[in-house]
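*Asks:* Please read through the structure below; I'll follow up with questions.
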Amino acid sequence: ALEREARGTGWYRYDEIPGRPYADDQAFLDALTAHLQTVLNVNPQRLYLGGFSDGGQMVHYMGARSTTNFAAFAVAGSAIGGGDVPGDPIVMAPVPTAPKPMLIINVRDDTTRS
């Protein structure tokens, strides 16, 4: 939302859009995951990615674009797409190249999520 842009926070959970600010957060998360696997005793067969709200939208995006082979994904209180600024078109997560295990938790009448 506008607040996110003003604070400079949130994930860039879509492909680059000409004329819009962009950071390759997918590449960042893939590089971070690879780095952590080299310095920690991580079993790559048990590597999971989860997120809430905007983080959940990033998880949907990572499920489609990530080069890391996550065992599964989980999202809560999120959608598969959204817009950053009122009036912008809704940007959907791309279609994954293969089926992937995903847990999706949503509720209705959630008046506290912003």
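By order in the structure tokens, chains are A, B, ...; within a chain, residues start at 1; ligands start at 1, following the order shown.
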Write down as number ranges by chain the residues of chain A whose backbone DSSP state falls under helix (DSSP H, G or I).

*Replies:* A: 2-7, 25-39, 44-46, 54-65

*Asks:* Store the residues picked out above, limited to N, CA, C and O atoms, as a short mmCIF file (atom, residue, chain, number, x, y, z; two decimals), in the first residue's frame.

*Replies:*
data_model
loop_
_atom_site.label_atom_id
_atom_site.label_comp_id
_atom_site.auth_asym_id
_atom_site.auth_seq_id
_atom_site.Cartn_x
_atom_site.Cartn_y
_atom_site.Cartn_z
N LEU A 2 0.25 2.39 0.03
CA LEU A 2 1.00 3.64 0.01
C LEU A 2 1.95 3.74 1.19
O LEU A 2 3.07 4.21 1.06
N GLU A 3 1.51 3.28 2.37
CA GLU A 3 2.35 3.34 3.55
C GLU A 3 3.63 2.54 3.34
O GLU A 3 4.70 2.93 3.76
N ARG A 4 3.51 1.39 2.69
CA ARG A 4 4.67 0.54 2.43
C ARG A 4 5.67 1.27 1.55
O ARG A 4 6.87 1.27 1.81
N GLU A 5 5.19 1.92 0.52
CA GLU A 5 6.07 2.66 -0.38
C GLU A 5 6.73 3.82 0.35
O GLU A 5 7.91 4.08 0.18
N ALA A 6 5.98 4.51 1.22
CA ALA A 6 6.53 5.64 1.96
C ALA A 6 7.62 5.18 2.94
O ALA A 6 8.62 5.85 3.13
N ARG A 7 7.43 4.00 3.56
CA ARG A 7 8.42 3.48 4.50
C ARG A 7 9.56 2.77 3.80
O ARG A 7 10.60 2.53 4.40
N ASP A 25 13.92 -9.18 -4.93
CA ASP A 25 13.83 -9.86 -3.66
C ASP A 25 13.88 -11.38 -3.81
O ASP A 25 14.35 -12.07 -2.91
N GLN A 26 13.44 -11.90 -4.94
CA GLN A 26 13.53 -13.34 -5.17
C GLN A 26 14.99 -13.76 -5.22
O GLN A 26 15.40 -14.73 -4.58
N ALA A 27 15.82 -13.03 -5.94
CA ALA A 27 17.25 -13.34 -6.02
C ALA A 27 17.90 -13.18 -4.64
O ALA A 27 18.75 -13.98 -4.26
N PHE A 28 17.49 -12.15 -3.89
CA PHE A 28 18.01 -11.95 -2.55
C PHE A 28 17.70 -13.14 -1.65
O PHE A 28 18.58 -13.67 -0.96
N LEU A 29 16.45 -13.59 -1.65
CA LEU A 29 16.06 -14.72 -0.79
C LEU A 29 16.74 -16.02 -1.23
O LEU A 29 17.14 -16.84 -0.39
N ASP A 30 16.89 -16.22 -2.54
CA ASP A 30 17.61 -17.41 -3.02
C ASP A 30 19.07 -17.37 -2.57
O ASP A 30 19.62 -18.37 -2.12
N ALA A 31 19.72 -16.19 -2.68
CA ALA A 31 21.12 -16.05 -2.26
C ALA A 31 21.25 -16.23 -0.75
O ALA A 31 22.20 -16.88 -0.28
N LEU A 32 20.32 -15.66 0.01
CA LEU A 32 20.35 -15.81 1.46
C LEU A 32 20.21 -17.28 1.85
O LEU A 32 20.94 -17.78 2.71
N THR A 33 19.28 -17.98 1.21
CA THR A 33 19.07 -19.40 1.49
C THR A 33 20.34 -20.20 1.17
O THR A 33 20.77 -21.05 1.95
N ALA A 34 20.96 -19.92 0.03
CA ALA A 34 22.19 -20.62 -0.35
C ALA A 34 23.30 -20.35 0.65
O ALA A 34 24.04 -21.25 1.05
N HIS A 35 23.42 -19.10 1.08
CA HIS A 35 24.45 -18.74 2.08
C HIS A 35 24.20 -19.47 3.40
O HIS A 35 25.14 -20.03 3.97
N LEU A 36 22.96 -19.47 3.87
CA LEU A 36 22.66 -20.15 5.14
C LEU A 36 22.93 -21.65 5.05
O LEU A 36 23.36 -22.26 6.03
N GLN A 37 22.72 -22.23 3.88
CA GLN A 37 23.00 -23.65 3.72
C GLN A 37 24.49 -23.94 3.80
O GLN A 37 24.90 -25.03 4.21
N THR A 38 25.33 -22.95 3.45
CA THR A 38 26.78 -23.17 3.52
C THR A 38 27.32 -22.97 4.93
O THR A 38 28.35 -23.56 5.27
N VAL A 39 26.67 -22.16 5.76
CA VAL A 39 27.20 -21.88 7.10
C VAL A 39 26.47 -22.62 8.21
O VAL A 39 26.95 -22.66 9.33
N PRO A 44 18.60 -29.77 3.02
CA PRO A 44 17.82 -29.14 1.95
C PRO A 44 16.49 -29.84 1.67
O PRO A 44 15.58 -29.23 1.09
N GLN A 45 16.34 -31.08 2.10
CA GLN A 45 15.07 -31.79 1.92
C GLN A 45 14.01 -31.32 2.92
O GLN A 45 12.84 -31.66 2.80
N ARG A 46 14.44 -30.55 3.93
CA ARG A 46 13.51 -30.07 4.96
C ARG A 46 13.52 -28.55 5.04
O ARG A 46 13.40 -27.96 6.10
N ASP A 54 1.78 -9.60 3.33
CA ASP A 54 2.66 -9.29 2.21
C ASP A 54 3.74 -10.36 2.06
O ASP A 54 4.12 -10.74 0.95
N GLY A 55 4.21 -10.89 3.19
CA GLY A 55 5.17 -11.99 3.15
C GLY A 55 4.58 -13.23 2.51
O GLY A 55 5.28 -13.99 1.82
N GLY A 56 3.28 -13.45 2.71
CA GLY A 56 2.61 -14.57 2.06
C GLY A 56 2.56 -14.39 0.55
O GLY A 56 2.72 -15.35 -0.21
N GLN A 57 2.35 -13.15 0.10
CA GLN A 57 2.37 -12.90 -1.34
C GLN A 57 3.76 -13.17 -1.90
O GLN A 57 3.91 -13.70 -3.00
N MET A 58 4.79 -12.85 -1.10
CA MET A 58 6.15 -13.14 -1.54
C MET A 58 6.38 -14.65 -1.62
O MET A 58 7.06 -15.13 -2.52
N VAL A 59 5.80 -15.40 -0.70
CA VAL A 59 5.92 -16.86 -0.73
C VAL A 59 5.27 -17.42 -2.01
O VAL A 59 5.83 -18.30 -2.67
N HIS A 60 4.10 -16.90 -2.37
CA HIS A 60 3.46 -17.32 -3.63
C HIS A 60 4.41 -17.05 -4.80
O HIS A 60 4.59 -17.89 -5.68
N TYR A 61 5.00 -15.86 -4.81
CA TYR A 61 5.92 -15.50 -5.89
C TYR A 61 7.14 -16.42 -5.90
O TYR A 61 7.56 -16.90 -6.94
N MET A 62 7.70 -16.67 -4.70
CA MET A 62 8.87 -17.55 -4.61
C MET A 62 8.53 -18.97 -5.09
O MET A 62 9.37 -19.63 -5.70
N GLY A 63 7.32 -19.42 -4.81
CA GLY A 63 6.91 -20.75 -5.28
C GLY A 63 6.95 -20.86 -6.79
O GLY A 63 7.21 -21.93 -7.34
N ALA A 64 6.72 -19.74 -7.46
CA ALA A 64 6.73 -19.76 -8.92
C ALA A 64 8.10 -19.46 -9.51
O ALA A 64 8.46 -20.02 -10.54
N ARG A 65 8.88 -18.61 -8.87
CA ARG A 65 10.11 -18.12 -9.48
C ARG A 65 11.41 -18.59 -8.83
O ARG A 65 12.47 -18.50 -9.44
#

*Asks:* Mind checking which residues fall within 8 Å of Asn106 in chain A, counting only C-alpha atoms, ignoring those fewer than 6 positions away in the same chain, and posting them as a VMD selection string?

*Replies:* chain A and resid 76 to 78

*Asks:* Please identify all polymer residues within 12 Å of Tyr22 in chain A, counting only C-alpha atoms, omitting same-chain residues fewer than 6 positions from it, and present them as a PyMOL selection string.

*Replies:* chain A and resi 5+8-16

*Asks:* For CA of Thr68 in chain A and CA of Val91 in chain A, quote the distance in Å rounded to one decimal.

*Replies:*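 We find that CA of Thr68 in chain A and CA of Val91 in chain A lie 22.7 Å from each other.
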